[in-house]
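**Q** Dropping a structure here in structure tokens format, bear with me for questions.
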Amino acid sequence: MARLHLHLLSDSTGETLEMIAKAALAQFDDADVVRHFWPMVRSQQHLDRIMGEIAANPGLVLFTMVNAETRELLQTRCAALGLPSVPALDAVTLALEAQLGQAAKGRPGRQHTMDDAYFRRVEAIQFTIAHDDGIAWEDWEAADILLAGVSRSSKTPTAIYLANRGYRVANIPIVVESPPPPALFSLRRPLVVGLTTSPERLIQVRRNRLLSLNQAPETAYVDGDHVAREVQYARRMFADNGWPVIDVSRRSIEETAAAVINLYNERRPDAGGGGGGGHAL
């Protein structure tokens, strides 16, 4: 398979373009792709420097640029090199213009404006970090979501991902020898979600964790019977309290977070859903 050089150019952070490229590339097996990332391209001088790199590594050019002059220059230069250049958001923008009856503003980085939503997201991240691993349980009622699960069931990374989406998230480890504070069972505002996984998968993750810390690989933390009891204890707690359960055994952090968001939206009064208790996703 020939190697493909994929050039990603954006006049903003390029986060959107990276996600589009990642999603598209995921549909191809064993693709040999070298990604070249060029964010904040807002001047002809900057573009000139980049075009030298593109000429040295010809391939496919994807871009999200709103400035008409820079776009036209990029496409003209790519055409002169015989390279395809694809405006990744044009089809969506044109469709929105047609439906909304107005032209797009054409200002780079508008999705990153420091508005009220931005500051709410920052506050959510701060809240989530301050309420990791059972810390500050007295404030749990102020959370939007609380994630519960045994150690190494992806609670913290899922919480951080959700915080970046603007949700205030707390999480609590479920430990057989140390029951959670009673406040967990009387929460009214937050959506409590149980994260579970197969004992086999959990042992594998925990072994890797111990090895990375240069700790003894054979302890109760990875003992098959002990881990199975932990998982069963957590599952029983989830069922007894009617909390929705997500099995993270084969889910990425993004997939787990998406499932949590769906549960949260179903639970909202204006969504018409009850949130559903005790069902595994």
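Residues are referred to by chain and number: the chain letter is A, B, ... according to the order shown in the structure tokens, the number counts from 1 in that chain, and ligands are numbered separately from 1 in the order shown.
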Show me a table, sorted first by chain and then by increasing residue number, of the residues of range 42-159 of chain A having an atom at most 12 Å from range 231-241 of chain A, each with its shortest atom pair and the distance in Å to one decimal, counting only C-alpha atoms and written as JSON lines.
**A**
```
{"residue": "A:Leu147", "atom": "CA", "partner": "A:Phe238", "partner_atom": "CA", "distance": 11.0}
{"residue": "A:Ala148", "atom": "CA", "partner": "A:Ala234", "partner_atom": "CA", "distance": 8.4}
{"residue": "A:Gly149", "atom": "CA", "partner": "A:Ala234", "partner_atom": "CA", "distance": 6.6}
{"residue": "A:Val150", "atom": "CA", "partner": "A:Val231", "partner_atom": "CA", "distance": 6.9}
{"residue": "A:Ser151", "atom": "CA", "partner": "A:Val231", "partner_atom": "CA", "distance": 9.7}
{"residue": "A:Arg152", "atom": "CA", "partner": "A:Val231", "partner_atom": "CA", "distance": 11.3}
{"residue": "A:Ser153", "atom": "CA", "partner": "A:Val231", "partner_atom": "CA", "distance": 10.0}
```
**Q** For range 38-42 of chain A, please output as a list in words all residues within 9 Å (counting only C-alpha atoms; exclusion window: fewer than 6 positions along the same chain).
**A**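 Once the adjacent positions are removed, what remains is His7, Leu8, Leu9, Ser10, Asp11, Ser12, Thr13, Gly14, Glu15, Ile50, Met65, Asn67, Thr70 and Pro108 of chain A.
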**Q** Output N, CA, C and O atoms for every residue in that selection, as an mmCIF file, in the first residue's frame.
**A**
```cif
data_model
loop_
_atom_site.group_PDB
_atom_site.id
_atom_site.type_symbol
_atom_site.label_atom_id
_atom_site.label_comp_id
_atom_site.auth_asym_id
_atom_site.auth_seq_id
_atom_site.Cartn_x
_atom_site.Cartn_y
_atom_site.Cartn_z
ATOM 1 N N HIS A 7 -2.386 16.462 4.444
ATOM 2 C CA HIS A 7 -2.098 17.792 4.979
ATOM 3 C C HIS A 7 -3.397 18.434 5.474
ATOM 4 O O HIS A 7 -4.368 18.556 4.713
ATOM 5 N N LEU A 8 -3.413 18.831 6.731
ATOM 6 C CA LEU A 8 -4.589 19.430 7.356
ATOM 7 C C LEU A 8 -4.291 20.891 7.669
ATOM 8 O O LEU A 8 -3.435 21.192 8.511
ATOM 9 N N LEU A 9 -4.979 21.806 6.999
ATOM 10 C CA LEU A 9 -4.752 23.239 7.169
ATOM 11 C C LEU A 9 -5.996 23.904 7.731
ATOM 12 O O LEU A 9 -7.103 23.678 7.221
ATOM 13 N N SER A 10 -5.795 24.716 8.758
ATOM 14 C CA SER A 10 -6.916 25.437 9.365
ATOM 15 C C SER A 10 -6.484 26.842 9.730
ATOM 16 O O SER A 10 -5.324 27.083 10.076
ATOM 17 N N ASP A 11 -7.435 27.779 9.670
ATOM 18 C CA ASP A 11 -7.135 29.140 10.106
ATOM 19 C C ASP A 11 -7.493 29.344 11.574
ATOM 20 O O ASP A 11 -7.435 30.441 12.095
ATOM 21 N N SER A 12 -7.867 28.243 12.252
ATOM 22 C CA SER A 12 -8.120 28.284 13.682
ATOM 23 C C SER A 12 -7.311 27.172 14.349
ATOM 24 O O SER A 12 -6.229 26.832 13.874
ATOM 25 N N THR A 13 -7.833 26.584 15.418
ATOM 26 C CA THR A 13 -7.064 25.568 16.141
ATOM 27 C C THR A 13 -6.912 24.270 15.367
ATOM 28 O O THR A 13 -6.024 23.474 15.648
ATOM 29 N N GLY A 14 -7.824 24.025 14.414
ATOM 30 C CA GLY A 14 -7.760 22.803 13.629
ATOM 31 C C GLY A 14 -8.371 21.598 14.310
ATOM 32 O O GLY A 14 -8.344 20.490 13.766
ATOM 33 N N GLU A 15 -8.962 21.798 15.474
ATOM 34 C CA GLU A 15 -9.543 20.682 16.214
ATOM 35 C C GLU A 15 -10.654 20.000 15.419
ATOM 36 O O GLU A 15 -10.732 18.771 15.348
ATOM 37 N N ILE A 50 4.188 26.811 4.253
ATOM 38 C CA ILE A 50 3.542 25.497 4.276
ATOM 39 C C ILE A 50 3.559 24.847 2.895
ATOM 40 O O ILE A 50 3.774 23.636 2.770
ATOM 41 N N MET A 65 -10.924 26.807 6.133
ATOM 42 C CA MET A 65 -10.487 28.198 6.091
ATOM 43 C C MET A 65 -11.643 29.050 5.603
ATOM 44 O O MET A 65 -12.313 28.700 4.630
ATOM 45 N N ASN A 67 -11.358 32.638 5.242
ATOM 46 C CA ASN A 67 -10.928 33.822 4.502
ATOM 47 C C ASN A 67 -10.857 33.500 3.012
ATOM 48 O O ASN A 67 -10.129 32.590 2.596
ATOM 49 N N THR A 70 -7.269 33.631 1.251
ATOM 50 C CA THR A 70 -6.366 32.549 1.640
ATOM 51 C C THR A 70 -6.825 31.227 1.050
ATOM 52 O O THR A 70 -6.025 30.420 0.567
ATOM 53 N N PRO A 108 -12.705 33.290 11.253
ATOM 54 C CA PRO A 108 -12.050 32.088 11.788
ATOM 55 C C PRO A 108 -12.178 31.988 13.298
ATOM 56 O O PRO A 108 -12.148 32.999 14.011
#
```
**Q** As a count of residues only, list the residues of range 36-241 of chain A assigned to alpha helix (DSSP H) by DSSP on the backbone atoms of this structure.
**A** 94
**Q** Rounded to one decimal, what separation in Å do you get between CA of Arg201 in chain A and CA of Leu25 in chain A?
**A**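 CA of Arg201 in chain A sits 27.0 Å away from CA of Leu25 in chain A.
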**Q** So which residues touch Ile246 in chain A within 12 Å, counting only C-alpha atoms, skipping near sequence neighbours fewer than 3 positions away, as a PyMOL selection string?
**A** chain A and resi 147-149+153-155+158+192-198+235+238+243+249-253+255-263+277-281
**Q** Between A:Ala143, A:Val245, A:Leu62, A:Ile172, single out the one closest to Ser85 in chain A, counting only C-alpha atoms.
**A**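 Nearest candidate to Ser85 in chain A out of A:Ala143, A:Val245, A:Leu62, A:Ile172: A:Leu62.
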**Q** Out of range 56-186 of chain A, which residues get strand (DSSP E) from DSSP, as a PyMOL selection string?
**A** chain A and resi 60-64+85-87+145-149+169-173
**Q** Could you please take those selected residues and save N, CA and C atoms as an mmCIF file, in the first residue's frame?
**A**
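Dumped to result.cif:
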```
data_model
loop_
_atom_site.group_PDB
_atom_site.id
_atom_site.type_symbol
_atom_site.label_atom_id
_atom_site.label_comp_id
_atom_site.auth_asym_id
_atom_site.auth_seq_id
_atom_site.Cartn_x
_atom_site.Cartn_y
_atom_site.Cartn_z
ATOM 1 N N LEU A 60 -2.874 14.535 -0.197
ATOM 2 C CA LEU A 60 -4.215 15.110 -0.131
ATOM 3 C C LEU A 60 -4.213 16.278 0.855
ATOM 4 N N VAL A 61 -4.857 17.379 0.455
ATOM 5 C CA VAL A 61 -4.946 18.563 1.308
ATOM 6 C C VAL A 61 -6.403 18.755 1.737
ATOM 7 N N LEU A 62 -6.626 18.731 3.058
ATOM 8 C CA LEU A 62 -7.938 19.052 3.615
ATOM 9 C C LEU A 62 -7.814 20.376 4.349
ATOM 10 N N PHE A 63 -8.840 21.234 4.241
ATOM 11 C CA PHE A 63 -8.728 22.515 4.912
ATOM 12 C C PHE A 63 -10.067 23.014 5.426
ATOM 13 N N THR A 64 -9.989 23.796 6.492
ATOM 14 C CA THR A 64 -11.126 24.567 7.001
ATOM 15 C C THR A 64 -10.634 25.998 7.131
ATOM 16 N N SER A 85 -7.436 19.378 -3.265
ATOM 17 C CA SER A 85 -7.658 20.147 -2.038
ATOM 18 C C SER A 85 -9.153 20.128 -1.743
ATOM 19 N N VAL A 86 -9.496 19.742 -0.527
ATOM 20 C CA VAL A 86 -10.900 19.538 -0.171
ATOM 21 C C VAL A 86 -11.293 20.451 0.986
ATOM 22 N N PRO A 87 -12.282 21.345 0.786
ATOM 23 C CA PRO A 87 -12.794 22.172 1.891
ATOM 24 C C PRO A 87 -13.754 21.342 2.744
ATOM 25 N N ILE A 145 -23.638 15.008 36.728
ATOM 26 C CA ILE A 145 -23.486 13.557 36.559
ATOM 27 C C ILE A 145 -22.522 13.041 37.616
ATOM 28 N N LEU A 146 -22.808 11.872 38.145
ATOM 29 C CA LEU A 146 -21.868 11.191 39.029
ATOM 30 C C LEU A 146 -21.612 9.793 38.481
ATOM 31 N N LEU A 147 -20.344 9.476 38.264
ATOM 32 C CA LEU A 147 -19.955 8.172 37.744
ATOM 33 C C LEU A 147 -19.456 7.311 38.895
ATOM 34 N N ALA A 148 -19.970 6.088 38.988
ATOM 35 C CA ALA A 148 -19.554 5.155 40.028
ATOM 36 C C ALA A 148 -19.034 3.888 39.364
ATOM 37 N N GLY A 149 -18.003 3.306 39.950
ATOM 38 C CA GLY A 149 -17.455 2.073 39.388
ATOM 39 C C GLY A 149 -16.223 1.639 40.153
ATOM 40 N N VAL A 169 -19.035 16.912 36.566
ATOM 41 C CA VAL A 169 -19.033 15.476 36.840
ATOM 42 C C VAL A 169 -18.207 15.168 38.086
ATOM 43 N N ALA A 170 -18.761 14.341 38.960
ATOM 44 C CA ALA A 170 -18.016 13.770 40.077
ATOM 45 C C ALA A 170 -17.903 12.272 39.836
ATOM 46 N N ASN A 171 -16.935 11.630 40.478
ATOM 47 C CA ASN A 171 -16.866 10.173 40.364
ATOM 48 C C ASN A 171 -16.431 9.562 41.689
ATOM 49 N N ILE A 172 -16.850 8.322 41.907
ATOM 50 C CA ILE A 172 -16.595 7.639 43.172
ATOM 51 C C ILE A 172 -16.171 6.197 42.896
ATOM 52 N N PRO A 173 -15.063 5.747 43.472
ATOM 53 C CA PRO A 173 -14.684 4.339 43.324
ATOM 54 C C PRO A 173 -15.526 3.462 44.250
#
```
**Q** What is the distance between CA of His5 in chain A and CA of Pro58 in chain A, in Å to one decimal?
**A**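 Calculated distance between CA of His5 in chain A and CA of Pro58 in chain A is 6.4 Å.
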**Q** To one decimal in Å, tell me the separation between CA of Ala103 in chain A and CA of Glu69 in chain A.
**A**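 CA of Glu69 in chain A lies 17.1 Å from CA of Ala103 in chain A.
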**Q** Taking into account only C-alpha atoms, which residue in the set A:Pro190, A:Gly242, A:Gly166, A:Gly59 is nearest to Asp139 in chain A?
**A** A:Pro190
